[in-house]
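**Q** One file is attached below, data36.cif, containing mmCIF, C-alpha atoms.
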data_target
#
loop_
_atom_site.group_PDB
_atom_site.id
_atom_site.type_symbol
_atom_site.label_atom_id
_atom_site.label_comp_id
_atom_site.auth_asym_id
_atom_site.auth_seq_id
_atom_site.Cartn_x
_atom_site.Cartn_y
_atom_site.Cartn_z
ATOM 1 C CA MET A 1 96.256 124.891 95.107
ATOM 2 C CA LYS A 2 92.578 125.501 95.709
ATOM 3 C CA PRO A 3 91.236 124.162 99.001
ATOM 4 C CA ALA A 4 88.545 121.508 99.003
ATOM 5 C CA GLY A 5 85.075 122.832 98.406
ATOM 6 C CA THR A 6 85.981 125.649 95.981
ATOM 7 C CA VAL A 7 85.412 123.941 92.651
ATOM 8 C CA GLY A 8 82.227 125.684 91.577
ATOM 9 C CA SER A 9 78.747 126.597 92.695
ATOM 10 C CA ASP A 10 77.155 124.788 89.750
ATOM 11 C CA MET A 11 78.628 121.412 90.694
ATOM 12 C CA PRO A 12 75.980 118.649 90.397
ATOM 13 C CA GLN A 13 74.318 117.570 93.611
ATOM 14 C CA SER A 14 75.786 114.316 94.887
ATOM 15 C CA SER A 15 75.348 111.748 97.597
ATOM 16 C CA ALA A 16 78.405 110.928 99.718
ATOM 17 C CA ASP A 17 78.730 107.677 101.622
ATOM 18 C CA LEU A 18 81.484 106.403 103.859
ATOM 19 C CA VAL A 19 81.849 102.777 102.763
ATOM 20 C CA SER A 20 83.635 99.798 104.275
ATOM 21 C CA ILE A 21 84.801 97.364 101.614
ATOM 22 C CA PRO A 22 85.608 93.788 102.627
ATOM 23 C CA VAL A 23 88.758 92.485 100.943
ATOM 24 C CA ASP A 24 90.321 89.218 102.068
ATOM 25 C CA ASP A 25 90.334 89.455 105.872
ATOM 26 C CA VAL A 26 90.370 93.272 106.170
ATOM 27 C CA GLU A 27 87.957 96.167 105.720
ATOM 28 C CA LEU A 28 89.064 99.060 103.510
ATOM 29 C CA GLU A 29 87.435 102.421 104.199
ATOM 30 C CA GLY A 30 86.499 104.777 101.418
ATOM 31 C CA MET A 31 84.346 107.759 100.449
ATOM 32 C CA LEU A 32 81.965 107.085 97.562
ATOM 33 C CA GLU A 33 80.370 110.171 96.004
ATOM 34 C CA ILE A 34 77.916 109.876 93.127
ATOM 35 C CA PRO A 35 76.461 113.038 91.523
ATOM 36 C CA ASP A 36 72.923 113.072 90.162
ATOM 37 C CA GLY A 37 72.742 111.770 86.590
ATOM 38 C CA VAL A 38 76.127 110.093 86.911
ATOM 39 C CA SER A 39 77.551 108.393 83.826
ATOM 40 C CA GLY A 40 80.762 106.909 85.171
ATOM 41 C CA LEU A 41 82.887 106.352 88.267
ATOM 42 C CA VAL A 42 86.571 107.127 88.882
ATOM 43 C CA VAL A 43 88.380 105.004 91.450
ATOM 44 C CA PHE A 44 91.457 106.631 93.013
ATOM 45 C CA ALA A 45 94.596 104.574 93.672
ATOM 46 C CA HIS A 46 96.912 106.888 95.598
ATOM 47 C CA GLY A 47 100.648 106.554 95.890
ATOM 48 C CA SER A 48 102.834 105.590 98.812
ATOM 49 C CA GLY A 49 102.482 107.776 101.889
ATOM 50 C CA SER A 50 99.202 109.305 100.750
ATOM 51 C CA SER A 51 95.611 108.533 101.735
ATOM 52 C CA ARG A 52 91.994 109.028 100.757
ATOM 53 C CA LYS A 53 91.998 112.153 102.969
ATOM 54 C CA SER A 54 94.723 113.886 100.927
ATOM 55 C CA PRO A 55 93.616 117.454 100.044
ATOM 56 C CA ARG A 56 95.303 117.067 96.649
ATOM 57 C CA ASN A 57 93.401 113.888 95.761
ATOM 58 C CA ASN A 58 90.175 115.380 97.070
ATOM 59 C CA TYR A 59 90.620 118.490 94.952
ATOM 60 C CA VAL A 60 91.105 116.405 91.800
ATOM 61 C CA ALA A 61 88.075 114.313 92.764
ATOM 62 C CA GLU A 62 85.929 117.451 93.125
ATOM 63 C CA VAL A 63 86.872 118.626 89.641
ATOM 64 C CA ILE A 64 86.014 115.188 88.250
ATOM 65 C CA ARG A 65 82.628 115.227 89.990
ATOM 66 C CA GLU A 66 81.970 118.654 88.498
ATOM 67 C CA ARG A 67 81.916 116.864 85.119
ATOM 68 C CA GLY A 68 79.092 114.603 86.286
ATOM 69 C CA LEU A 69 81.206 111.603 87.271
ATOM 70 C CA GLY A 70 81.315 109.727 90.559
ATOM 71 C CA THR A 71 84.458 109.130 92.613
ATOM 72 C CA LEU A 72 85.681 106.591 95.118
ATOM 73 C CA LEU A 73 88.632 107.566 97.283
ATOM 74 C CA PHE A 74 89.745 104.679 99.460
ATOM 75 C CA ASP A 75 92.829 103.400 101.232
ATOM 76 C CA LEU A 76 94.540 100.414 99.629
ATOM 77 C CA LEU A 77 95.990 99.495 103.016
ATOM 78 C CA THR A 78 94.577 99.507 106.526
ATOM 79 C CA GLU A 79 96.190 101.861 109.054
ATOM 80 C CA GLU A 80 98.037 98.918 110.602
ATOM 81 C CA GLU A 81 99.302 97.681 107.237
ATOM 82 C CA ASP A 82 100.411 101.166 106.238
ATOM 83 C CA ARG A 83 102.757 101.328 109.243
ATOM 84 C CA VAL A 84 104.903 98.700 107.481
ATOM 85 C CA ARG A 85 106.714 100.715 104.826
ATOM 86 C CA GLU A 86 107.323 97.680 102.612
ATOM 87 C CA ASN A 87 103.562 97.275 102.121
ATOM 88 C CA ARG A 88 103.376 100.658 100.412
ATOM 89 C CA PHE A 89 105.601 99.325 97.636
ATOM 90 C CA ASP A 90 104.036 95.861 97.371
ATOM 91 C CA ILE A 91 102.570 96.518 93.937
ATOM 92 C CA GLU A 92 101.061 93.043 93.633
ATOM 93 C CA LEU A 93 99.211 93.456 96.925
ATOM 94 C CA LEU A 94 97.974 96.925 95.993
ATOM 95 C CA THR A 95 96.848 95.657 92.584
ATOM 96 C CA ASP A 96 94.962 92.745 94.136
ATOM 97 C CA ARG A 97 93.206 95.202 96.450
ATOM 98 C CA LEU A 98 92.226 97.499 93.570
ATOM 99 C CA VAL A 99 90.905 94.578 91.523
ATOM 100 C CA ALA A 100 88.898 93.329 94.505
ATOM 101 C CA VAL A 101 87.423 96.777 95.193
ATOM 102 C CA THR A 102 86.416 97.053 91.536
ATOM 103 C CA GLY A 103 84.655 93.708 91.857
ATOM 104 C CA TRP A 104 82.867 94.982 94.969
ATOM 105 C CA LEU A 105 81.662 98.042 93.071
ATOM 106 C CA ARG A 106 80.331 95.782 90.323
ATOM 107 C CA GLY A 107 78.220 94.086 92.967
ATOM 108 C CA GLN A 108 76.576 97.274 94.253
ATOM 109 C CA GLY A 109 73.313 98.475 92.765
ATOM 110 C CA ALA A 110 74.361 102.121 92.496
ATOM 111 C CA THR A 111 77.627 101.382 90.675
ATOM 112 C CA ARG A 112 77.041 98.048 88.931
ATOM 113 C CA GLU A 113 76.337 99.472 85.475
ATOM 114 C CA LEU A 114 78.616 102.520 85.516
ATOM 115 C CA SER A 115 81.554 102.994 83.197
ATOM 116 C CA MET A 116 84.655 102.844 85.349
ATOM 117 C CA GLY A 117 88.071 104.474 85.321
ATOM 118 C CA TYR A 118 91.188 104.567 87.501
ATOM 119 C CA PHE A 119 93.152 107.628 88.629
ATOM 120 C CA GLY A 120 96.546 106.542 89.928
ATOM 121 C CA SER A 121 99.381 108.638 91.306
ATOM 122 C CA SER A 122 103.004 107.639 91.913
ATOM 123 C CA THR A 123 103.116 103.922 92.813
ATOM 124 C CA GLY A 124 99.315 103.860 92.699
ATOM 125 C CA ALA A 125 99.537 104.402 88.945
ATOM 126 C CA ALA A 126 101.381 101.097 88.595
ATOM 127 C CA SER A 127 98.570 99.362 90.482
ATOM 128 C CA ALA A 128 95.989 101.094 88.286
ATOM 129 C CA LEU A 129 97.690 99.927 85.096
ATOM 130 C CA ARG A 130 98.135 96.399 86.407
ATOM 131 C CA ALA A 131 94.485 96.243 87.457
ATOM 132 C CA ALA A 132 93.365 97.594 84.072
ATOM 133 C CA ALA A 133 95.383 94.841 82.397
ATOM 134 C CA ARG A 134 93.448 92.252 84.436
ATOM 135 C CA ARG A 135 89.933 93.706 84.125
ATOM 136 C CA GLU A 136 88.276 94.271 80.761
ATOM 137 C CA ASP A 137 85.580 96.475 82.318
ATOM 138 C CA VAL A 138 87.951 99.390 83.004
ATOM 139 C CA ASP A 139 87.220 102.114 80.468
ATOM 140 C CA ALA A 140 89.920 104.736 81.148
ATOM 141 C CA VAL A 141 93.106 105.270 83.152
ATOM 142 C CA VAL A 142 94.873 108.474 84.188
ATOM 143 C CA SER A 143 98.347 108.399 85.738
ATOM 144 C CA ARG A 144 99.656 111.453 87.618
ATOM 145 C CA GLY A 145 103.417 111.427 88.051
ATOM 146 C CA GLY A 146 103.147 107.663 87.886
ATOM 147 C CA ARG A 147 105.816 105.048 88.492
ATOM 148 C CA VAL A 148 104.514 103.320 85.392
ATOM 149 C CA ASP A 149 107.769 101.398 85.031
ATOM 150 C CA LEU A 150 106.533 99.184 87.867
ATOM 151 C CA ALA A 151 103.858 97.904 85.469
ATOM 152 C CA SER A 152 106.153 97.513 82.474
ATOM 153 C CA GLU A 153 105.563 93.794 81.931
ATOM 154 C CA VAL A 154 101.771 94.192 81.589
ATOM 155 C CA LEU A 155 101.523 97.416 79.570
ATOM 156 C CA GLU A 156 100.867 95.553 76.328
ATOM 157 C CA LYS A 157 97.711 94.103 77.922
ATOM 158 C CA VAL A 158 96.209 97.487 78.861
ATOM 159 C CA GLN A 159 93.368 98.199 76.432
ATOM 160 C CA ALA A 160 91.749 101.089 78.321
ATOM 161 C CA PRO A 161 92.459 104.577 76.919
ATOM 162 C CA THR A 162 95.318 105.862 79.068
ATOM 163 C CA LEU A 163 96.555 109.366 79.833
ATOM 164 C CA PHE A 164 99.944 110.022 81.419
ATOM 165 C CA VAL A 165 100.300 113.412 83.178
ATOM 166 C CA VAL A 166 103.866 114.296 84.163
ATOM 167 C CA GLY A 167 105.707 117.397 85.341
ATOM 168 C CA GLY A 168 108.186 118.800 82.863
ATOM 169 C CA ASP A 169 110.863 119.108 85.564
ATOM 170 C CA ASP A 170 110.219 115.586 86.897
ATOM 171 C CA THR A 171 112.800 114.388 84.413
ATOM 172 C CA GLN A 172 113.348 110.804 85.552
ATOM 173 C CA VAL A 173 109.641 110.019 85.828
ATOM 174 C CA LEU A 174 109.006 111.789 82.515
ATOM 175 C CA GLU A 175 111.497 109.528 80.767
ATOM 176 C CA LEU A 176 109.914 106.442 82.348
ATOM 177 C CA ASN A 177 106.494 107.610 81.184
ATOM 178 C CA ARG A 178 107.710 108.191 77.643
ATOM 179 C CA GLU A 179 109.079 104.655 77.532
ATOM 180 C CA ALA A 180 105.837 103.231 78.901
ATOM 181 C CA TYR A 181 103.796 105.313 76.462
ATOM 182 C CA ASP A 182 105.501 103.564 73.575
ATOM 183 C CA GLU A 183 104.515 100.167 75.004
ATOM 184 C CA LEU A 184 100.787 100.837 75.290
ATOM 185 C CA PRO A 185 98.825 99.234 72.447
ATOM 186 C CA GLY A 186 95.625 101.285 72.545
ATOM 187 C CA GLU A 187 94.522 104.903 72.701
ATOM 188 C CA ARG A 188 96.951 106.933 74.781
ATOM 189 C CA ASP A 189 98.225 110.430 75.419
ATOM 190 C CA LEU A 190 101.058 112.080 77.337
ATOM 191 C CA HIS A 191 100.428 115.496 78.876
ATOM 192 C CA VAL A 192 103.455 117.357 80.211
ATOM 193 C CA VAL A 193 102.879 120.220 82.665
ATOM 194 C CA PRO A 194 105.712 122.685 81.908
ATOM 195 C CA GLY A 195 108.005 123.430 84.835
ATOM 196 C CA ALA A 196 106.175 121.146 87.258
ATOM 197 C CA GLY A 197 107.934 118.802 89.664
ATOM 198 C CA HIS A 198 106.733 115.452 90.933
ATOM 199 C CA LEU A 199 104.108 116.874 93.324
ATOM 200 C CA PHE A 200 102.715 119.631 91.044
ATOM 201 C CA GLU A 201 103.003 122.195 93.828
ATOM 202 C CA GLY A 202 103.458 125.301 91.676
ATOM 203 C CA GLU A 203 100.727 127.832 90.963
ATOM 204 C CA GLY A 204 98.076 126.385 88.668
ATOM 205 C CA GLU A 205 99.839 123.037 88.243
ATOM 206 C CA LEU A 206 97.439 120.835 90.188
ATOM 207 C CA GLU A 207 94.521 122.656 88.564
ATOM 208 C CA GLU A 208 95.939 121.711 85.158
ATOM 209 C CA VAL A 209 96.287 118.083 86.253
ATOM 210 C CA ALA A 210 92.698 118.020 87.470
ATOM 211 C CA ASP A 211 91.337 119.620 84.306
ATOM 212 C CA VAL A 212 93.066 117.308 81.843
ATOM 213 C CA ALA A 213 92.206 114.249 83.951
ATOM 214 C CA ALA A 214 88.560 115.273 84.199
ATOM 215 C CA ASP A 215 88.432 115.900 80.444
ATOM 216 C CA TRP A 216 89.874 112.442 79.760
ATOM 217 C CA PHE A 217 87.377 110.701 82.016
ATOM 218 C CA ALA A 218 84.434 112.764 80.764
ATOM 219 C CA GLU A 219 85.284 111.756 77.194
ATOM 220 C CA HIS A 220 85.768 108.045 77.855
ATOM 221 C CA LEU A 221 83.283 107.252 80.622
ATOM 222 C CA ARG A 222 80.131 108.452 78.842
#
Here is the file; what I need is its structure written in the form of structure tokens.

**A**
Amino acid sequence: MKPAGTVGSDMPQSSADLVSIPVDDVELEGMLEIPDGVSGLVVFAHGSGSSRKSPRNNYVAEVIRERGLGTLLFDLLTEEEDRVRENRFDIELLTDRLVAVTGWLRGQGATRELSMGYFGSSTGAASALRAAARREDVDAVVSRGGRVDLASEVLEKVQAPTLFVVGGDDTQVLELNREAYDELPGERDLHVVPGAGHLFEGEGELEEVADVAADWFAEHLR
């Protein structure tokens, strides 16, 4: 895996802001980065046990920004909430948070008019799909190794073009993704990374995830 900051010297210049997003009675911290000439924004919904500081998520975000798109990496839970393991799997709570953050972005001058997409991994992918089913202004979704079965009852309501990226050796999750793929009503694709496990830790695997995700967002958020 490439370390953060090695994407490319020709990456568009961007502004980076640490933001504090009020949701219910808590403040969710995030890093909002918007390249010059931005056409769309990708909001990251990470899985259980991960965070906005994850080197893996940040690498994918850098590749996406290289395509002229903005990114928001934020924590769905506060540090105190994250200490309660059950909260990490409270998909309804995580979905409500993602929907609320999207609403906040729609109220900010710099992001109000941007096309918007979700990148969800593991359980975060279920929240991304559930949020996309509730908001008509979501223009694309990418799931990486997603527990998309946790959104099974709302898949028929997801109209945003959706890409599932799954490791070929992540057999259980791959089967769940294939079943979910058949339930989606709109534009969709399933990309299998040969030989990859759930975390895409092999040589070149995360790079492949980042490239296909960035391509999907670049196509649908312009």

**Q** Step by step: start from the point (98.4, 97.2, 79.2) in the file's coordinates, keep every protein, DNA or RNA residue that has an atom no farther than 10 Å from it, count all atoms listed in the file, and write the set as a PyMOL selection string.

**A** chain A and resi 129-134+151-162+180+183-186

**Q** Would you kindly translate the PyMOL selection byres ((chain A and resi 111-118) around 8) into the concrete residues it picks from this file, as a ChimeraX atom specification?

**A** /A:39-45,105-110,119-120,128,137-142,217,221-222

**Q** Here is a test: counting all atoms listed in the file, which residue of A:Glu205, A:Trp216, A:Gly167, A:Asp24 is nearest to Glu187 (chain A)?

**A** A:Trp216

**Q** A:Val165, A:Ala126, A:Val212, A:Ala218: which is nearest His198 (chain A), counting only C-alpha atoms?

**A** A:Val165

**Q** Taking into account all atoms listed in the file, which residue in the set A:Gly70, A:Ala213, A:Leu94, A:Arg144 is nearest to Asp82 (chain A)?

**A**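 Smallest separation from Asp82 (chain A) among the options: A:Leu94.
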
**Q** Could you pull the residues within 12 Å of Ala16 (chain A), counting all atoms listed in the file, minus those fewer than 3 positions along the same chain, as a list in words?

**A**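 What passes the distance filter is Gln13, Val19, Gly30, Met31, Leu32, Glu33, Ile34, Pro35, Asp36, Glu62, Arg65, Gly70, Thr71, Leu72 and Leu73 of chain A.
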
**Q** For region 14-27 of chain A, take all atoms listed in the file, fit an axis-aligned box around them, add 8 Å to each of the six sides, then output centre and edge lengths in Å rounded to one decimal, as AutoDock Vina command-line options.

**A**
--center_x 82.9 --center_y 101.8 --center_z 100.5 --size_x 31.0 --size_y 41.1 --size_z 27.3

**Q** Can you work out the spacing between CA of Val60 (chain A) and CA of Val148 (chain A) in Å, to one decimal?

**A**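 Atom-to-atom, CA of Val60 (chain A) to CA of Val148 (chain A), that is 19.8 Å.
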
**Q** Set the distance at 12 Å and use all atoms listed in the file: which residues neighbour Glu208 (chain A) once local chain neighbours fewer than 4 positions away are removed? I'd like the list as a list in words.

**A** Met1, Lys2, Tyr59, Val60, Val63, Arg144, Val165, Val166, Gly167, His191, Val192, Val193, Pro194, Ala196, Phe200, Glu201, Gly202, Glu203, Gly204, Val212, Ala213, Ala214 and Asp215 of chain A

**Q** Which residue, A:Asp211, A:Glu86, A:Glu66, A:Glu175, has the smallest gap to Arg147 (chain A) when you use only C-alpha atoms?

**A**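 Answer, going by the shortest atom-to-atom distance: A:Glu175.
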
**Q** Tell me which protein, DNA and RNA residues are within 9 Å of region 76-81 of chain A, counting only C-alpha atoms, leaving out same-chain ones fewer than 4 positions away, and put them as a ChimeraX atom specification.

**A** /A:26-29,45-46,51,85,87-88,93-95,97-98

**Q** Rank nothing, just name the residue among A:Arg52, A:Arg188, A:Arg135, A:His220 nearest to Ala100 (chain A), using all atoms listed in the file.

**A**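 For Ala100 (chain A), the nearest of the given residues is A:Arg135.
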
**Q** Counting only C-alpha atoms, which of A:Phe74, A:Phe89, A:Trp104, A:Phe164 gets nearest to Leu18 (chain A)?

**A**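 Between A:Phe74, A:Phe89, A:Trp104, A:Phe164, the residue approaching Leu18 (chain A) most closely is A:Phe74.
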